[in-house]
file query-v4.tsv (TSV, C-alpha atoms)
chain	number	residue	atom	x	y	z
A	1	MET	CA	-16.37	-10.44	-22.26
A	2	VAL	CA	-15.95	-7.32	-24.39
A	3	GLY	CA	-15.42	-5.18	-21.30
A	4	LEU	CA	-12.67	-7.50	-20.11
A	5	GLY	CA	-11.11	-7.33	-23.58
A	6	PHE	CA	-10.86	-3.53	-23.33
A	7	TYR	CA	-9.52	-3.91	-19.78
A	8	PHE	CA	-6.74	-6.20	-21.08
A	9	ILE	CA	-5.86	-3.72	-23.83
A	10	GLY	CA	-5.46	-1.00	-21.21
A	11	LEU	CA	-3.55	-3.26	-18.82
A	12	PHE	CA	-1.09	-4.38	-21.49
A	13	ALA	CA	-0.68	-0.83	-22.80
A	14	LEU	CA	0.25	0.31	-19.30
A	15	ALA	CA	2.58	-2.68	-18.88
A	16	PHE	CA	4.25	-1.86	-22.19
A	17	ILE	CA	4.78	1.76	-21.19
A	18	LEU	CA	6.21	0.84	-17.78
A	19	ALA	CA	8.41	-1.88	-19.26
A	20	SER	CA	9.68	0.48	-21.97
A	21	LYS	CA	10.76	2.94	-19.26
A	22	ARG	CA	12.23	0.05	-17.23
A	23	GLN	CA	10.00	1.01	-14.29
A	24	LEU	CA	7.79	-2.05	-14.18
A	25	ASP	CA	9.12	-3.22	-10.81
A	26	ARG	CA	8.65	0.19	-9.17
A	27	TYR	CA	4.85	0.16	-9.26
A	28	ARG	CA	3.73	-2.41	-6.69
A	29	GLY	CA	0.05	-1.55	-7.25
A	30	PHE	CA	0.33	-2.35	-10.95
A	31	LEU	CA	2.04	-5.66	-10.19
A	32	TRP	CA	-0.79	-6.59	-7.80
A	33	LEU	CA	-3.36	-5.58	-10.42
A	34	ALA	CA	-1.64	-7.76	-13.00
A	35	PHE	CA	-1.48	-10.66	-10.55
A	36	LEU	CA	-5.15	-10.35	-9.62
A	37	SER	CA	-6.05	-10.21	-13.33
A	38	LEU	CA	-4.72	-13.72	-13.98
A	39	PRO	CA	-8.12	-15.52	-13.81
A	40	LEU	CA	-9.88	-12.89	-15.92
A	41	PRO	CA	-9.13	-14.44	-19.37
A	42	TRP	CA	-10.81	-17.66	-18.26
A	43	ILE	CA	-13.80	-15.69	-16.94
A	44	ALA	CA	-14.00	-13.77	-20.23
A	45	ALA	CA	-14.03	-17.01	-22.23
A	46	GLU	CA	-16.76	-18.49	-20.04
A	47	LEU	CA	-18.84	-15.33	-20.31
A	48	GLY	CA	-18.48	-15.51	-24.09
A	49	TRP	CA	-19.88	-19.04	-24.10
A	50	ILE	CA	-22.75	-17.99	-21.86
A	51	VAL	CA	-23.63	-15.08	-24.17
A	52	ALA	CA	-23.50	-17.39	-27.21
A	53	GLU	CA	-25.71	-20.05	-25.64
A	54	VAL	CA	-28.21	-17.70	-24.00
A	55	GLY	CA	-28.47	-15.77	-27.26
A	56	ARG	CA	-29.39	-18.97	-29.11
A	57	GLN	CA	-32.12	-20.10	-26.72
A	58	PRO	CA	-34.85	-17.47	-27.43
A	59	TRP	CA	-34.94	-18.42	-31.10
A	60	VAL	CA	-35.92	-21.98	-30.20
A	61	ILE	CA	-38.52	-20.85	-27.66
A	62	GLU	CA	-40.18	-18.31	-29.98
A	63	GLY	CA	-40.63	-20.85	-32.77
A	64	VAL	CA	-38.26	-19.16	-35.21
A	65	LEU	CA	-35.92	-22.13	-34.98
A	66	PRO	CA	-37.65	-25.52	-34.63
A	67	THR	CA	-36.47	-27.54	-31.64
A	68	PHE	CA	-35.39	-30.52	-33.73
A	69	LEU	CA	-32.97	-28.25	-35.64
A	70	ALA	CA	-31.56	-26.85	-32.40
A	71	VAL	CA	-30.47	-30.28	-31.15
A	72	SER	CA	-27.03	-31.56	-32.15
A	73	SER	CA	-26.79	-34.73	-34.22
A	74	ILE	CA	-23.48	-35.75	-32.60
A	75	SER	CA	-23.64	-38.99	-30.64
A	76	ALA	CA	-22.72	-39.26	-26.98
A	77	ALA	CA	-19.85	-41.61	-27.88
A	78	ASN	CA	-18.32	-38.96	-30.14
A	79	ILE	CA	-18.59	-36.36	-27.40
A	80	TRP	CA	-16.94	-38.65	-24.83
A	81	THR	CA	-14.17	-39.57	-27.27
A	82	THR	CA	-13.45	-35.93	-27.99
A	83	LEU	CA	-13.54	-34.98	-24.31
A	84	ILE	CA	-11.19	-37.80	-23.30
A	85	GLY	CA	-8.86	-36.91	-26.18
A	86	PHE	CA	-8.68	-33.27	-25.09
A	87	VAL	CA	-8.12	-34.23	-21.44
A	88	VAL	CA	-5.28	-36.63	-22.34
A	89	PHE	CA	-3.68	-34.19	-24.79
A	90	TYR	CA	-3.76	-31.16	-22.50
A	91	SER	CA	-2.75	-33.20	-19.43
A	92	THR	CA	0.29	-34.41	-21.36
A	93	LEU	CA	1.11	-30.84	-22.34
A	94	ALA	CA	0.78	-29.74	-18.71
A	95	VAL	CA	3.17	-32.48	-17.51
A	96	VAL	CA	5.72	-31.60	-20.20
A	97	ASP	CA	5.36	-27.89	-19.36
A	98	VAL	CA	5.99	-28.46	-15.65
A	99	TYR	CA	8.95	-30.73	-16.44
A	100	LEU	CA	10.53	-28.12	-18.72
A	101	MET	CA	9.95	-25.31	-16.21
A	102	LEU	CA	11.54	-27.30	-13.39
A	103	LYS	CA	14.48	-28.24	-15.60
A	104	THR	CA	15.01	-24.58	-16.56
A	105	VAL	CA	14.75	-23.37	-12.95
A	106	LYS	CA	17.24	-25.99	-11.75
A	107	ALA	CA	19.70	-25.03	-14.52
A	108	GLY	CA	19.69	-21.40	-13.39
A	109	PRO	CA	20.63	-18.39	-15.50
A	110	PRO	CA	23.34	-18.72	-18.16
A	111	ALA	CA	26.83	-17.77	-16.98
A	112	ASP	CA	27.30	-15.17	-19.72
A	113	GLU	CA	24.03	-13.35	-18.93
A	114	PRO	CA	24.55	-9.92	-17.36
A	115	VAL	CA	23.37	-9.66	-13.79
A	116	GLY	CA	20.77	-7.02	-12.86
A	117	ARG	CA	21.57	-3.73	-11.15
A	118	ARG	CA	20.35	-4.74	-7.70
A	119	THR	CA	22.13	-8.09	-7.75
A	120	THR	CA	25.36	-6.38	-8.84
A	121	ARG	CA	25.19	-4.03	-5.86
A	122	LEU	CA	24.63	-6.96	-3.55
A	123	ALA	CA	27.53	-8.84	-5.13
A	124	VAL	CA	29.83	-5.82	-4.71
A	125	VAL	CA	28.81	-5.38	-1.07
A	126	ALA	CA	29.25	-9.11	-0.40
A	127	ALA	CA	32.66	-9.09	-2.12
A	128	ALA	CA	33.78	-6.07	-0.03
A	129	GLU	CA	32.98	-7.84	3.22

call {"tool": "encode", "arguments": {"input": "query-v4.tsv", "output": "structure tokens"}}
result
Amino acid sequence: MVGLGFYFIGLFALAFILASKRQLDRYRGFLWLAFLSLPLPWIAAELGWIVAEVGRQPWVIEGVLPTFLAVSSISAANIWTTLIGFVVFYSTLAVVDVYLMLKTVKAGPPADEPVGRRTTRLAVVAAAE
């Protein structure tokens, strides 16, 4: 998890430098690296949970922490209620997010927004024909 954190710092530093120079789209290898790095935050979070849980277990086994203190006092009904609540809440957010993205894509760019360099060249060439 920590290693991936340092990796992200380096990746975003490089992205900042390239974006500041307006050369982000010229480095295809960097764009692929960024794309392939998309699942890494999830993996880092899962690895963090594994480290936390595995680190807790030896204390129970060695007798430092009694087993009855290591067990949660939360009922199964509370866990199910919380899980269902999170699933409903985040599913609703996902549906709203997709709806807003589709609405924005269908609307297109604003008319007063300047068009990029490459598109301008294409528009000039198309207008000349």

call {"tool": "atom_distance", "arguments": {"input": "query-v4.tsv", "atom1": "CA of Gly10 in chain A", "atom2": "CA of Glu46 in chain A"}}
result
20.9 Å

call {"tool": "residues_near_point", "arguments": {"input": "query-v4.tsv", "point": "(-12.3, -11.3, -16.0)", "cutoff": "9 Å", "atoms": "all atoms listed in the file", "output": "PyMOL selection string"}}
result
chain A and resi 1+3-5+7+37-45+47

call {"tool": "write_last_selection", "arguments": {"input": "query-v4.tsv", "atoms": "C-alpha atoms", "output": "PDB file, in the frame of the given file"}}
result
ATOM      1  CA  MET A   1     -16.370 -10.440 -22.260  1.00  0.00           C
ATOM      2  CA  GLY A   3     -15.420  -5.180 -21.300  1.00  0.00           C
ATOM      3  CA  LEU A   4     -12.670  -7.500 -20.110  1.00  0.00           C
ATOM      4  CA  GLY A   5     -11.110  -7.330 -23.580  1.00  0.00           C
ATOM      5  CA  TYR A   7      -9.520  -3.910 -19.780  1.00  0.00           C
ATOM      6  CA  SER A  37      -6.050 -10.210 -13.330  1.00  0.00           C
ATOM      7  CA  LEU A  38      -4.720 -13.720 -13.980  1.00  0.00           C
ATOM      8  CA  PRO A  39      -8.120 -15.520 -13.810  1.00  0.00           C
ATOM      9  CA  LEU A  40      -9.880 -12.890 -15.920  1.00  0.00           C
ATOM     10  CA  PRO A  41      -9.130 -14.440 -19.370  1.00  0.00           C
ATOM     11  CA  TRP A  42     -10.810 -17.660 -18.260  1.00  0.00           C
ATOM     12  CA  ILE A  43     -13.800 -15.690 -16.940  1.00  0.00           C
ATOM     13  CA  ALA A  44     -14.000 -13.770 -20.230  1.00  0.00           C
ATOM     14  CA  ALA A  45     -14.030 -17.010 -22.230  1.00  0.00           C
ATOM     15  CA  LEU A  47     -18.840 -15.330 -20.310  1.00  0.00           C
TER      16      LEU A  47
END

call {"tool": "atom_distance", "arguments": {"input": "query-v4.tsv", "atom1": "CA of Leu69 in chain A", "atom2": "CA of Leu83 in chain A"}}
result
23.5 Å

call {"tool": "atom_distance", "arguments": {"input": "query-v4.tsv", "atom1": "CA of Leu33 in chain A", "atom2": "CA of Ala13 in chain A"}}
result
13.5 Å

call {"tool": "residues_around", "arguments": {"input": "query-v4.tsv", "residues": "Leu18 in chain A", "least_positions_apart": "5", "cutoff": "12 Å", "atoms": "all atoms listed in the file", "output": "MDAnalysis selection string"}}
result
chainID A and resid 11:13 23:28 30:31

call {"tool": "axis_aligned_box", "arguments": {"input": "query-v4.tsv", "around": "range 25-38 of chain A", "padding_each_side": "6 Å", "output": "JSON"}}
result
{"center_x": 1.5, "center_y": -6.8, "center_z": -10.3, "size_x": 27.2, "size_y": 25.9, "size_z": 19.3}

call {"tool": "build_atoms", "arguments": {"input": "query-v4.tsv", "residues": "range 17-47 of chain A", "atoms": "N, CA and C atoms", "output": "mmCIF file, in the coordinates of the input"}}
result
data_model
loop_
_atom_site.group_PDB
_atom_site.id
_atom_site.type_symbol
_atom_site.label_atom_id
_atom_site.label_comp_id
_atom_site.auth_asym_id
_atom_site.auth_seq_id
_atom_site.Cartn_x
_atom_site.Cartn_y
_atom_site.Cartn_z
ATOM 1 N N ILE A 17 4.184 0.463 -21.495
ATOM 2 C CA ILE A 17 4.780 1.760 -21.190
ATOM 3 C C ILE A 17 5.749 1.650 -20.014
ATOM 4 N N LEU A 18 5.327 0.987 -18.953
ATOM 5 C CA LEU A 18 6.210 0.840 -17.780
ATOM 6 C C LEU A 18 7.444 0.006 -18.112
ATOM 7 N N ALA A 19 7.269 -1.046 -18.895
ATOM 8 C CA ALA A 19 8.410 -1.880 -19.260
ATOM 9 C C ALA A 19 9.373 -1.130 -20.177
ATOM 10 N N SER A 20 8.828 -0.292 -21.076
ATOM 11 C CA SER A 20 9.680 0.480 -21.970
ATOM 12 C C SER A 20 10.552 1.471 -21.195
ATOM 13 N N LYS A 21 10.008 2.005 -20.099
ATOM 14 C CA LYS A 21 10.760 2.940 -19.260
ATOM 15 C C LYS A 21 11.594 2.212 -18.206
ATOM 16 N N ARG A 22 11.526 0.886 -18.210
ATOM 17 C CA ARG A 22 12.230 0.050 -17.230
ATOM 18 C C ARG A 22 11.823 0.404 -15.793
ATOM 19 N N GLN A 23 10.523 0.660 -15.608
ATOM 20 C CA GLN A 23 10.000 1.010 -14.290
ATOM 21 C C GLN A 23 8.922 0.039 -13.834
ATOM 22 N N LEU A 24 8.852 -1.099 -14.469
ATOM 23 C CA LEU A 24 7.790 -2.050 -14.180
ATOM 24 C C LEU A 24 7.819 -2.524 -12.726
ATOM 25 N N ASP A 25 9.010 -2.715 -12.178
ATOM 26 C CA ASP A 25 9.120 -3.220 -10.810
ATOM 27 C C ASP A 25 8.923 -2.141 -9.755
ATOM 28 N N ARG A 26 8.798 -0.894 -10.138
ATOM 29 C CA ARG A 26 8.650 0.190 -9.170
ATOM 30 C C ARG A 26 7.201 0.454 -8.785
ATOM 31 N N TYR A 27 6.267 -0.084 -9.514
ATOM 32 C CA TYR A 27 4.850 0.160 -9.260
ATOM 33 C C TYR A 27 4.206 -1.105 -8.683
ATOM 34 N N ARG A 28 4.250 -1.221 -7.376
ATOM 35 C CA ARG A 28 3.730 -2.410 -6.690
ATOM 36 C C ARG A 28 2.231 -2.589 -6.938
ATOM 37 N N GLY A 29 1.486 -1.473 -6.993
ATOM 38 C CA GLY A 29 0.050 -1.550 -7.250
ATOM 39 C C GLY A 29 -0.260 -2.147 -8.608
ATOM 40 N N PHE A 30 0.530 -1.767 -9.628
ATOM 41 C CA PHE A 30 0.330 -2.350 -10.950
ATOM 42 C C PHE A 30 0.629 -3.844 -10.940
ATOM 43 N N LEU A 31 1.691 -4.234 -10.248
ATOM 44 C CA LEU A 31 2.040 -5.660 -10.190
ATOM 45 C C LEU A 31 0.929 -6.469 -9.512
ATOM 46 N N TRP A 32 0.332 -5.915 -8.454
ATOM 47 C CA TRP A 32 -0.790 -6.590 -7.800
ATOM 48 C C TRP A 32 -1.995 -6.672 -8.743
ATOM 49 N N LEU A 33 -2.252 -5.588 -9.458
ATOM 50 C CA LEU A 33 -3.360 -5.580 -10.420
ATOM 51 C C LEU A 33 -3.153 -6.636 -11.493
ATOM 52 N N ALA A 34 -1.942 -6.741 -11.994
ATOM 53 C CA ALA A 34 -1.640 -7.760 -13.000
ATOM 54 C C ALA A 34 -1.807 -9.160 -12.418
ATOM 55 N N PHE A 35 -1.346 -9.349 -11.199
ATOM 56 C CA PHE A 35 -1.480 -10.660 -10.550
ATOM 57 C C PHE A 35 -2.948 -11.033 -10.343
ATOM 58 N N LEU A 36 -3.732 -10.079 -9.869
ATOM 59 C CA LEU A 36 -5.150 -10.350 -9.620
ATOM 60 C C LEU A 36 -5.945 -10.513 -10.914
ATOM 61 N N SER A 37 -5.382 -10.087 -12.029
ATOM 62 C CA SER A 37 -6.050 -10.210 -13.330
ATOM 63 C C SER A 37 -5.830 -11.570 -13.979
ATOM 64 N N LEU A 38 -5.035 -12.425 -13.375
ATOM 65 C CA LEU A 38 -4.720 -13.720 -13.980
ATOM 66 C C LEU A 38 -5.958 -14.582 -14.301
ATOM 67 N N PRO A 39 -6.976 -14.669 -13.447
ATOM 68 C CA PRO A 39 -8.120 -15.520 -13.810
ATOM 69 C C PRO A 39 -9.091 -14.858 -14.791
ATOM 70 N N LEU A 40 -8.915 -13.592 -15.093
ATOM 71 C CA LEU A 40 -9.880 -12.890 -15.920
ATOM 72 C C LEU A 40 -9.993 -13.413 -17.365
ATOM 73 N N PRO A 41 -8.929 -13.871 -18.033
ATOM 74 C CA PRO A 41 -9.130 -14.440 -19.370
ATOM 75 C C PRO A 41 -10.052 -15.651 -19.365
ATOM 76 N N TRP A 42 -9.918 -16.490 -18.358
ATOM 77 C CA TRP A 42 -10.810 -17.660 -18.260
ATOM 78 C C TRP A 42 -12.253 -17.202 -18.059
ATOM 79 N N ILE A 43 -12.447 -16.216 -17.182
ATOM 80 C CA ILE A 43 -13.800 -15.690 -16.940
ATOM 81 C C ILE A 43 -14.360 -15.087 -18.216
ATOM 82 N N ALA A 44 -13.537 -14.364 -18.978
ATOM 83 C CA ALA A 44 -14.000 -13.770 -20.230
ATOM 84 C C ALA A 44 -14.431 -14.845 -21.226
ATOM 85 N N ALA A 45 -13.665 -15.927 -21.314
ATOM 86 C CA ALA A 45 -14.030 -17.010 -22.230
ATOM 87 C C ALA A 45 -15.345 -17.663 -21.806
ATOM 88 N N GLU A 46 -15.505 -17.895 -20.521
ATOM 89 C CA GLU A 46 -16.760 -18.490 -20.040
ATOM 90 C C GLU A 46 -17.944 -17.563 -20.286
ATOM 91 N N LEU A 47 -17.757 -16.273 -20.049
ATOM 92 C CA LEU A 47 -18.840 -15.330 -20.310
ATOM 93 C C LEU A 47 -19.196 -15.289 -21.789
#
